[in-house]
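Engineer: Hey, dropping upload18.csv in here, CSV, C-alpha atoms and all ligand atoms:
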chain,number,residue,atom,x,y,z
A,1,MET,CA,-13.3,85.0,64.8
A,2,ILE,CA,-10.2,83.8,63.1
A,3,PRO,CA,-7.0,85.1,64.7
A,4,VAL,CA,-4.6,86.9,62.3
A,5,VAL,CA,-0.9,86.8,63.1
A,6,VAL,CA,1.2,89.4,61.3
A,7,LEU,CA,4.7,88.3,60.4
A,8,ALA,CA,7.0,91.2,59.8
A,9,GLY,CA,10.7,91.8,59.5
A,10,PHE,CA,13.3,93.5,57.3
A,11,LEU,CA,14.3,92.1,53.8
A,12,GLY,CA,15.9,88.8,54.0
A,13,SER,CA,15.5,88.3,57.8
A,14,GLY,CA,13.8,84.9,57.3
A,15,LYS,CA,10.1,85.5,57.2
A,16,THR,CA,9.4,83.1,54.4
A,17,THR,CA,11.7,80.5,56.0
A,18,LEU,CA,9.6,80.8,59.2
A,19,LEU,CA,6.4,80.6,57.2
A,20,ASN,CA,7.5,77.4,55.4
A,21,HIS,CA,8.4,76.0,58.8
A,22,LEU,CA,5.0,76.8,60.2
A,23,LEU,CA,3.2,75.2,57.2
A,24,ARG,CA,5.3,72.0,57.7
A,25,THR,CA,5.0,71.6,61.4
A,26,SER,CA,1.4,72.7,62.2
A,27,GLY,CA,-0.2,69.2,62.1
A,28,GLY,CA,-3.9,69.5,61.1
A,29,THR,CA,-4.1,73.3,61.8
A,30,ARG,CA,-5.6,75.0,58.8
A,31,ILE,CA,-3.5,78.0,58.1
A,32,GLY,CA,-4.4,80.7,55.7
A,33,VAL,CA,-1.3,82.4,54.4
A,34,VAL,CA,-1.2,85.7,52.7
A,35,VAL,CA,2.0,86.6,50.9
A,36,ASN,CA,3.0,89.0,48.1
A,37,ASP,CA,4.2,86.2,45.9
A,38,PHE,CA,3.8,82.5,46.6
A,39,GLY,CA,6.6,81.5,44.3
A,40,ARG,CA,8.7,81.6,47.5
A,41,ILE,CA,6.4,79.4,49.6
A,42,ASN,CA,7.7,75.9,49.3
A,43,ILE,CA,4.5,74.7,47.7
A,44,ASP,CA,6.3,71.7,46.1
A,45,ALA,CA,6.7,70.3,49.6
A,46,PHE,CA,2.9,69.9,49.9
A,47,ALA,CA,0.6,68.5,47.3
A,48,VAL,CA,-1.5,71.2,45.8
A,49,SER,CA,-5.1,70.1,45.8
A,50,ALA,CA,-6.7,73.1,44.1
A,51,GLN,CA,-5.7,76.3,42.5
A,52,VAL,CA,-8.0,79.3,41.7
A,53,ASP,CA,-6.6,82.6,40.6
A,54,SER,CA,-4.3,83.8,43.3
A,55,MET,CA,-5.2,81.0,45.8
A,56,VAL,CA,-3.7,77.6,46.3
A,57,THR,CA,-5.2,74.9,48.6
A,58,LEU,CA,-2.6,72.5,50.0
A,59,SER,CA,-3.4,68.9,50.8
A,60,ASN,CA,-2.7,69.6,54.5
A,61,GLY,CA,-5.7,72.0,54.5
A,62,CYS,CA,-3.8,75.2,54.4
A,63,LEU,CA,-4.6,77.9,51.9
A,64,CYS,CA,-2.1,80.3,50.4
A,65,CYS,CA,-3.0,83.5,48.7
A,66,ALA,CA,-0.8,85.9,46.9
A,67,VAL,CA,-2.0,89.5,46.9
A,68,ASP,CA,-0.4,92.9,46.7
A,69,GLY,CA,-1.1,95.5,49.4
A,70,SER,CA,-4.1,97.0,47.7
A,71,GLU,CA,-6.0,93.7,47.6
A,72,LEU,CA,-5.2,92.7,51.2
A,73,ASP,CA,-8.3,94.1,52.7
A,74,SER,CA,-10.7,92.2,50.4
A,75,MET,CA,-8.6,89.0,50.7
A,76,LEU,CA,-8.8,89.2,54.4
A,77,GLU,CA,-12.6,89.5,54.2
A,78,LYS,CA,-12.7,86.5,52.0
A,79,LEU,CA,-10.5,84.4,54.3
A,80,ALA,CA,-12.6,85.4,57.3
A,81,THR,CA,-15.4,83.3,55.9
A,82,ALA,CA,-13.2,80.3,55.0
A,83,ASP,CA,-12.8,77.3,57.3
A,84,LEU,CA,-9.5,78.2,58.8
A,85,ASP,CA,-7.9,78.1,62.3
A,86,VAL,CA,-5.5,81.0,61.8
A,87,ILE,CA,-4.4,83.4,59.2
A,88,VAL,CA,-0.8,84.5,58.9
A,89,ILE,CA,0.1,87.6,56.8
A,90,GLU,CA,3.7,87.9,55.7
A,91,ALA,CA,4.3,91.6,55.4
A,92,SER,CA,6.8,92.3,52.6
A,93,GLY,CA,10.2,93.4,54.0
A,94,LEU,CA,9.3,97.1,53.2
A,95,ALA,CA,5.7,97.1,54.6
A,96,GLU,CA,5.1,99.2,57.6
A,97,PRO,CA,4.2,96.8,60.4
A,98,ALA,CA,2.0,99.4,62.1
A,99,ALA,CA,-0.1,99.9,59.0
A,100,MET,CA,-0.6,96.1,58.8
A,101,VAL,CA,-1.7,95.8,62.4
A,102,ARG,CA,-4.1,98.7,62.0
A,103,MET,CA,-5.6,97.0,59.0
A,104,VAL,CA,-6.1,93.7,60.8
A,105,LEU,CA,-7.7,95.5,63.8
A,106,GLN,CA,-10.2,97.1,61.5
A,107,ALA,CA,-11.0,94.0,59.4
A,108,PRO,CA,-14.4,92.4,60.0
A,109,GLY,CA,-14.7,88.8,61.1
A,110,VAL,CA,-11.1,88.4,62.3
A,111,SER,CA,-9.3,89.1,65.5
A,112,TYR,CA,-5.7,90.3,65.8
A,113,GLY,CA,-3.4,87.5,67.0
A,114,GLY,CA,-0.2,89.4,67.5
A,115,LEU,CA,2.8,90.8,65.6
A,116,ILE,CA,5.8,88.5,65.2
A,117,TYR,CA,8.9,90.5,64.2
A,118,VAL,CA,11.8,88.6,62.6
A,119,VAL,CA,15.3,90.0,63.0
A,120,ASP,CA,18.5,88.8,61.3
A,121,ALA,CA,21.0,88.4,64.1
A,122,VAL,CA,23.8,89.4,61.7
A,123,GLU,CA,22.2,92.3,59.9
A,124,LEU,CA,20.3,94.0,62.6
A,125,GLY,CA,22.4,97.2,62.3
A,126,ALA,CA,21.1,97.6,58.8
A,127,VAL,CA,17.4,97.6,59.7
A,128,PRO,CA,15.8,101.1,59.4
A,129,HIS,CA,13.5,102.0,62.3
A,130,LEU,CA,14.4,98.8,64.2
A,131,GLU,CA,13.6,100.2,67.6
A,132,ARG,CA,10.3,101.6,66.5
A,133,ASP,CA,9.2,98.3,64.8
A,134,LEU,CA,10.4,96.3,67.8
A,135,ALA,CA,8.2,98.4,70.1
A,136,LEU,CA,5.2,97.1,68.2
A,137,ALA,CA,6.2,93.5,68.3
A,138,ASP,CA,4.5,91.0,70.6
A,139,LEU,CA,7.2,88.4,70.0
A,140,VAL,CA,10.6,88.9,68.5
A,141,VAL,CA,12.2,86.1,66.6
A,142,LEU,CA,16.0,86.5,66.5
A,143,ASN,CA,16.9,84.4,63.4
A,144,LYS,CA,20.1,83.1,62.0
A,145,VAL,CA,21.8,82.7,65.4
A,146,ASP,CA,24.0,80.0,63.7
A,147,ARG,CA,25.8,82.9,62.1
A,148,VAL,CA,26.8,84.8,65.3
A,149,SER,CA,29.1,83.8,68.1
A,150,SER,CA,27.2,85.6,70.8
A,151,LEU,CA,23.6,86.8,70.9
A,152,PRO,CA,23.1,90.5,70.3
A,153,SER,CA,20.9,92.3,72.7
A,154,LEU,CA,17.8,93.9,71.2
A,155,PRO,CA,16.3,97.2,72.3
A,156,CYS,CA,12.8,95.9,73.1
A,157,SER,CA,10.6,94.8,75.9
A,158,ALA,CA,8.8,91.9,74.0
A,159,PRO,CA,10.2,88.4,74.6
A,160,VAL,CA,13.0,87.5,72.2
A,161,LEU,CA,13.3,83.9,70.8
A,162,PRO,CA,16.7,83.0,69.3
A,163,VAL,CA,16.4,80.5,66.5
A,164,THR,CA,17.9,79.2,63.3
A,165,TYR,CA,15.9,78.9,60.0
A,166,GLY,CA,12.8,80.2,61.7
A,167,GLN,CA,12.3,77.0,63.7
A,168,ILE,CA,9.9,78.2,66.3
A,169,ASP,CA,7.2,76.1,67.9
A,170,PRO,CA,4.0,76.9,66.1
A,171,ALA,CA,2.2,76.4,69.4
A,172,LEU,CA,3.7,79.7,70.5
A,173,LEU,CA,1.6,81.5,67.9
A,174,PHE,CA,-1.7,79.6,67.6
A,175,GLU,CA,-3.5,76.4,68.5
A,176,VAL,CA,-1.9,73.4,66.9
A,177,ARG,CA,-4.2,70.5,65.9
A,178,PRO,CA,-3.1,66.9,65.4
A,179,PRO,CA,-3.5,65.8,61.8
A,180,ASP,CA,-6.9,64.7,60.6
A,181,THR,CA,-9.2,65.7,63.4
A,182,GLY,CA,-12.8,66.5,63.0
A,183,PRO,CA,-14.5,69.9,63.2
A,184,ARG,CA,-13.0,72.3,65.6
A,185,GLN,CA,-14.5,73.0,69.0
A,186,LEU,CA,-12.4,74.3,71.9
A,187,SER,CA,-12.2,71.4,74.3
A,188,PHE,CA,-10.0,70.4,77.1
A,189,ASP,CA,-8.1,68.3,74.6
A,190,ASP,CA,-7.3,71.4,72.6
A,191,LEU,CA,-5.5,72.8,75.6
A,192,GLU,CA,-2.9,70.1,75.6
A,193,ASP,CA,0.3,70.8,73.7
A,194,HIS,CA,0.1,69.0,70.4
A,195,SER,CA,3.2,70.6,68.9
A,196,THR,CA,5.6,68.3,67.2
A,197,HIS,CA,8.7,67.3,69.1
A,198,ALA,CA,11.2,69.0,67.0
A,199,HIS,CA,11.2,71.8,69.6
A,200,ALA,CA,12.0,69.8,72.7
A,201,SER,CA,13.4,72.8,74.5
A,202,TYR,CA,10.0,74.2,75.4
A,203,ASP,CA,8.2,73.1,78.6
A,204,SER,CA,4.5,73.3,79.1
A,205,VAL,CA,2.6,73.5,82.4
A,206,SER,CA,-1.0,72.7,82.8
A,207,PHE,CA,-3.0,74.4,85.6
A,208,GLU,CA,-6.5,73.6,86.6
A,209,CYS,CA,-8.5,75.2,89.4
A,210,ASP,CA,-12.1,75.1,90.5
A,211,GLU,CA,-11.9,78.2,92.6
A,212,PRO,CA,-12.4,81.5,90.7
A,213,LEU,CA,-9.3,83.7,90.4
A,214,HIS,CA,-8.9,87.3,91.5
A,215,PRO,CA,-8.7,89.5,88.4
A,216,LYS,CA,-6.1,91.9,89.8
A,217,LEU,CA,-3.9,89.1,91.2
A,218,PHE,CA,-4.1,87.3,87.9
A,219,MET,CA,-3.3,90.4,85.8
A,220,ASP,CA,-0.3,91.0,88.2
A,221,PHE,CA,0.8,87.5,87.4
A,222,LEU,CA,0.5,88.1,83.6
A,223,SER,CA,2.4,91.4,83.7
A,224,ALA,CA,5.2,89.9,85.8
A,225,ARG,CA,5.3,86.6,84.1
A,226,PRO,CA,8.8,85.2,83.5
A,227,GLU,CA,10.5,86.2,80.3
A,228,GLY,CA,10.7,82.7,79.0
A,229,LEU,CA,6.9,82.2,79.2
A,230,PHE,CA,6.0,82.9,75.6
A,231,ARG,CA,2.5,81.6,75.5
A,232,ALA,CA,-0.5,81.1,77.8
A,233,LYS,CA,-3.9,79.8,76.6
A,234,GLY,CA,-7.1,78.3,78.0
A,235,PHE,CA,-10.0,79.2,80.3
A,236,VAL,CA,-9.7,81.6,83.2
A,237,ARG,CA,-12.7,81.9,85.6
A,238,PHE,CA,-13.1,85.0,87.7
A,239,PRO,CA,-16.0,85.5,90.1
A,240,LEU,CA,-17.7,87.8,87.6
A,241,GLY,CA,-17.1,85.9,84.4
A,242,THR,CA,-15.1,83.3,82.5
A,243,PHE,CA,-12.8,84.1,79.5
A,244,ILE,CA,-10.6,82.4,77.0
A,245,LEU,CA,-7.1,83.7,77.5
A,246,HIS,CA,-4.7,83.9,74.5
A,247,THR,CA,-1.2,85.4,74.8
A,248,VAL,CA,1.5,85.4,72.2
A,249,GLY,CA,4.6,87.1,73.7
A,250,ALA,CA,3.5,90.4,75.1
A,251,TYR,CA,0.1,90.2,73.4
A,252,VAL,CA,-2.8,89.4,75.7
A,253,SER,CA,-6.5,88.9,74.8
A,254,PHE,CA,-9.5,87.8,76.8
A,255,THR,CA,-12.7,86.6,75.1
A,256,PRO,CA,-15.8,86.1,77.3
A,257,VAL,CA,-17.3,82.6,77.3
A,258,ASP,CA,-19.8,80.6,79.2
A,259,GLU,CA,-18.8,79.7,82.7
A,260,ALA,CA,-16.1,77.0,82.9
A,261,PRO,CA,-13.4,76.1,85.5
A,262,THR,CA,-9.9,77.6,85.0
A,263,GLN,CA,-7.8,75.5,82.8
A,264,LEU,CA,-4.6,76.9,81.4
A,265,VAL,CA,-1.6,75.7,79.5
A,266,LEU,CA,1.6,77.8,79.8
A,267,ILE,CA,4.4,77.2,77.3
A,268,GLY,CA,7.9,78.5,77.5
A,269,ALA,CA,11.6,77.9,77.8
A,270,GLY,CA,13.3,77.5,81.1
A,271,ILE,CA,10.1,77.9,83.1
A,272,ASP,CA,9.7,76.4,86.5
A,273,PRO,CA,6.4,74.5,86.6
A,274,GLU,CA,6.2,74.3,90.4
A,275,SER,CA,6.7,78.0,91.1
A,276,LEU,CA,4.3,78.9,88.3
A,277,THR,CA,1.7,76.6,89.7
A,278,ASP,CA,2.2,78.1,93.2
A,279,TRP,CA,2.0,81.6,91.8
A,280,LEU,CA,-1.3,80.8,90.0
A,281,LEU,CA,-2.7,79.2,93.2
A,282,ALA,CA,-1.9,82.4,95.0
A,283,CYS,CA,-4.2,84.2,92.5
A,284,VAL,CA,-7.4,82.4,93.9
A,285,ALA,CA,-9.8,85.1,95.0
A,286,ASP,CA,-10.1,85.0,98.8
A,287,GLY,CA,-12.2,88.1,99.2
A,288,PRO,CA,-15.0,90.0,97.4
A,289,VAL,CA,-14.4,91.0,93.8
A,290,THR,CA,-16.0,94.1,92.4
A,291,GLU,CA,-16.9,95.2,88.9
A,292,GLN,CA,-14.1,97.7,89.3
A,293,ASP,CA,-11.6,94.9,89.8
A,294,MET,CA,-12.8,93.3,86.6
A,295,LEU,CA,-11.6,96.4,84.7
A,296,TRP,CA,-8.1,95.0,84.9
A,297,VAL,CA,-9.2,92.1,82.7
A,298,LEU,CA,-11.8,94.0,80.5
A,299,ARG,CA,-9.0,96.2,79.2
A,300,TYR,CA,-7.9,93.2,77.2
A,301,ALA,CA,-11.3,91.9,76.2
A,302,ARG,CA,-11.9,91.3,72.5
B,401,LIG,N1,22.4,80.8,57.9
B,401,LIG,C1,21.1,81.0,58.0
B,401,LIG,N2,20.4,81.3,56.9
B,401,LIG,C2,19.1,81.5,57.1
B,401,LIG,C3,18.4,81.3,58.3
B,401,LIG,N3,17.1,81.6,58.1
B,401,LIG,C4,16.9,81.9,56.8
B,401,LIG,N4,18.1,81.9,56.2
B,401,LIG,C5,18.4,82.2,54.8
B,401,LIG,O1,18.2,83.6,54.6
B,401,LIG,C6,17.7,83.9,53.3
B,401,LIG,C7,16.5,84.8,53.4
B,401,LIG,O2,15.5,84.1,54.0
B,401,LIG,P1,13.9,84.4,53.7
B,401,LIG,O3,13.1,83.5,54.5
B,401,LIG,O4,13.7,84.3,52.2
B,401,LIG,O5,13.8,85.9,54.2
B,401,LIG,P2,12.5,86.9,54.0
B,401,LIG,O6,12.5,87.7,55.2
B,401,LIG,O7,11.3,86.1,53.6
B,401,LIG,O8,13.0,87.7,52.8
B,401,LIG,P3,12.2,88.8,51.9
B,401,LIG,O9,10.9,88.2,51.6
B,401,LIG,O10,13.1,89.0,50.7
B,401,LIG,O11,12.1,90.0,52.8
B,401,LIG,C8,17.4,82.6,52.6
B,401,LIG,O12,18.5,82.3,51.8
B,401,LIG,C9,17.4,81.6,53.8
B,401,LIG,O13,17.7,80.3,53.5
B,401,LIG,C10,19.2,80.9,59.4
B,401,LIG,O14,18.7,80.8,60.6
B,401,LIG,N5,20.5,80.8,59.2
Take the structure from the file and write it as structure tokens.
Structural biologist:
Amino acid sequence: MIPVVVLAGFLGSGKTTLLNHLLRTSGGTRIGVVVNDFGRINIDAFAVSAQVDSMVTLSNGCLCCAVDGSELDSMLEKLATADLDVIVIEASGLAEPAAMVRMVLQAPGVSYGGLIYVVDAVELGAVPHLERDLALADLVVLNKVDRVSSLPSLPCSAPVLPVTYGQIDPALLFEVRPPDTGPRQLSFDDLEDHSTHAHASYDSVSFECDEPLHPKLFMDFLSARPEGLFRAKGFVRFPLGTFILHTVGAYVSFTPVDEAPTQLVLIGAGIDPESLTDWLLACVADGPVTEQDMLWVLRYAR
């Protein structure tokens, strides 16, 4: 199933700027982008290799589609069958993020990959329903911080990433592939951080463990994880099953897979690799684990 990331935010907050940044810096990741109008996507920066109706294929393997709200459903269905790694939907500045998320959750063949909400650091007072929208966000991008002398505080519990010109590390949102790799198969290599180095302020920590983890202890770790830990991905093995974990900001999903040892990559800013490793080691199951304990994890299973 292809993950779908919803990119929302008020008019002019910087959604298209962020999208163009993702298209430029995502290596060989094939991104399907859905926008209202692709006049604003910086298509000239990529060679266009094919154009059919409202779709443009870029030479880097990405696909851009321009649709209005009423066609979104059928476009998503079409994209679900395309050879893509991730789909990003840019909600127009007036679209209701909640409605977009609902639509993605109901769409066949795709999985919800999180709601990224962009806020203009200067204009946040002008955003209607800011608090309500922020409550839905899995990751908040506080954009245009070059225009403020101090960072405003936002009324939300999701992690907040202060940036200029939407320059977030794409690895915070989805798997980033190096350019020109073969067909995709989740391998240990995929778990390494292939993000470009324009974002040197992020650290990544790899954790491997042959012993199964305790579901309750691991979920306690996830819910208390440090604020700067924006992303975690990889395999987690519990005594009663192995899962692929995917988190973007506050969003968590577990997908059951065949048994594999725990292998995780954690990405964040200002994180302490040693204490995170110790914390994860303390999650090793040292007693019996029941089906009841697994419910802590299964709540997030997709
Ligand atoms: N100073 C500054 N300007 C920015 C930054 N990010 C984006 N902009 C500018 O802000 C304006 C709006 O950015 P867009 O990316 O078009 O915003 P949007 O959310 O897609 O806008 P709509 O689609 O109209 O809702 C553009 O002129 C950008 O160049 C930033 O970090 N700093």
Engineer: Using all atoms listed in the file, find each residue of chain A with at least one atom at most 7 Å away from an atom of ligand LIG 401 (chain B); report its shortest atom-to-atom pair and that distance in Å (one decimal), sort the rows by chain and rising residue number, and return the result as JSON lines.
Structural biologist:
{"residue": "A:Gly9", "atom": "CA", "partner": "B:LIG401", "partner_atom": "O6", "distance": 6.2}
{"residue": "A:Phe10", "atom": "CA", "partner": "B:LIG401", "partner_atom": "O11", "distance": 5.8}
{"residue": "A:Leu11", "atom": "CA", "partner": "B:LIG401", "partner_atom": "O11", "distance": 3.2}
{"residue": "A:Gly12", "atom": "CA", "partner": "B:LIG401", "partner_atom": "O8", "distance": 3.3}
{"residue": "A:Ser13", "atom": "CA", "partner": "B:LIG401", "partner_atom": "O6", "distance": 4.0}
{"residue": "A:Gly14", "atom": "CA", "partner": "B:LIG401", "partner_atom": "O3", "distance": 3.2}
{"residue": "A:Lys15", "atom": "CA", "partner": "B:LIG401", "partner_atom": "O6", "distance": 3.8}
{"residue": "A:Thr16", "atom": "CA", "partner": "B:LIG401", "partner_atom": "O7", "distance": 3.6}
{"residue": "A:Thr17", "atom": "CA", "partner": "B:LIG401", "partner_atom": "O3", "distance": 3.6}
{"residue": "A:Leu18", "atom": "CA", "partner": "B:LIG401", "partner_atom": "O3", "distance": 6.5}
{"residue": "A:Ser92", "atom": "CA", "partner": "B:LIG401", "partner_atom": "O11", "distance": 5.8}
{"residue": "A:Gly93", "atom": "CA", "partner": "B:LIG401", "partner_atom": "O11", "distance": 4.1}
{"residue": "A:Asn143", "atom": "CA", "partner": "B:LIG401", "partner_atom": "O14", "distance": 4.9}
{"residue": "A:Lys144", "atom": "CA", "partner": "B:LIG401", "partner_atom": "O14", "distance": 3.0}
{"residue": "A:Val145", "atom": "CA", "partner": "B:LIG401", "partner_atom": "O14", "distance": 6.0}
{"residue": "A:Asp146", "atom": "CA", "partner": "B:LIG401", "partner_atom": "N5", "distance": 5.8}
{"residue": "A:Arg147", "atom": "CA", "partner": "B:LIG401", "partner_atom": "N1", "distance": 5.8}
{"residue": "A:Val163", "atom": "CA", "partner": "B:LIG401", "partner_atom": "O14", "distance": 6.3}
{"residue": "A:Thr164", "atom": "CA", "partner": "B:LIG401", "partner_atom": "O14", "distance": 3.2}
{"residue": "A:Tyr165", "atom": "CA", "partner": "B:LIG401", "partner_atom": "O14", "distance": 3.4}
{"residue": "A:Gly166", "atom": "CA", "partner": "B:LIG401", "partner_atom": "N3", "distance": 5.8}
Engineer: Write out as JSON lines the residues of stretch 25-88 of chain A that have any atom within 9 Å of an atom of stretch 107-117 of chain A, one row each with the nearest atom pair and its distance in Å to one decimal, counting all atoms listed in the file, sorted by chain and then rising number.
Structural biologist:
{"residue": "A:Asp73", "atom": "CA", "partner": "A:Ala107", "partner_atom": "CA", "distance": 7.2}
{"residue": "A:Leu76", "atom": "CA", "partner": "A:Ala107", "partner_atom": "CA", "distance": 7.3}
{"residue": "A:Glu77", "atom": "CA", "partner": "A:Pro108", "partner_atom": "CA", "distance": 6.7}
{"residue": "A:Leu79", "atom": "CA", "partner": "A:Val110", "partner_atom": "CA", "distance": 9.0}
{"residue": "A:Ala80", "atom": "CA", "partner": "A:Gly109", "partner_atom": "CA", "distance": 5.5}
{"residue": "A:Thr81", "atom": "CA", "partner": "A:Gly109", "partner_atom": "CA", "distance": 7.6}
{"residue": "A:Val86", "atom": "CA", "partner": "A:Gly113", "partner_atom": "CA", "distance": 8.6}
{"residue": "A:Ile87", "atom": "CA", "partner": "A:Gly113", "partner_atom": "CA", "distance": 8.9}
Engineer: Would you pick out the contacts of A:Val67 at 7 Å or less, using only C-alpha atoms, so that residues sharing its chain but fewer than 6 positions from it are not included, and give the list as a ChimeraX atom specification?
Structural biologist: /A:34-36
Engineer: Would you output that residue set with C-alpha atoms, as a JSON list (two decimals), keeping the file's coordinate frame?
Structural biologist:
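Output saved as result.json:
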[["chain", "number", "residue", "atom", "x", "y", "z"],
["A", 34, "VAL", "CA", -1.20, 85.70, 52.70],
["A", 35, "VAL", "CA", 2.00, 86.60, 50.90],
["A", 36, "ASN", "CA", 3.00, 89.00, 48.10]]
Engineer: I need every residue sitting at most 12 Å from the point (-13.5, 83.9, 85.8) (coordinates as in the file, all atoms listed in the file considered), written as a PyMOL selection string.
Structural biologist: chain A and resi 209-216+218+234-245+254-263+283-285+289+293-294+297-298
Engineer: Report as a PyMOL selection string all protein, DNA and RNA residues lying within 8 Å of A:Glu131, evaluated on only C-alpha atoms, omitting residues in the same chain fewer than 3 positions from it.
Structural biologist: chain A and resi 134-135+155-156
Engineer: Based on the selection just made, write C-alpha atoms of those residues as a compact mmCIF listing (two decimals), in the coordinates of the input.
Structural biologist:
# COMPACT_ATOMS: atom_id res chain seq x y z
CA LEU A 134 10.40 96.30 67.80
CA ALA A 135 8.20 98.40 70.10
CA PRO A 155 16.30 97.20 72.30
CA CYS A 156 12.80 95.90 73.10
Engineer: Just the number, please: distance in Å from atom CA of A:Arg30 to atom CA of A:Cys62, one decimal.
Structural biologist: 4.8 Å
Engineer: Would you mind telling me which residue in A:Thr29, A:Ser275, A:Gln167, A:Ser204 lies nearest to A:Ser59 when using only C-alpha atoms?
Structural biologist: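 Ranked by minimum distance to A:Ser59, first place goes to A:Thr29.
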Engineer: Could you check how far atom CA of A:Met75 sits from atom CA of A:Asn20, in Å to one decimal?
Structural biologist: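 Interatomic distance here is 20.4 Å.
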Engineer: Expressed in Å to a single decimal, how great is the separation between atom CA of A:Ala137 and atom CA of A:Leu23?
Structural biologist: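 According to the coordinates, atom CA of A:Ala137 and atom CA of A:Leu23 are separated by 21.6 Å.
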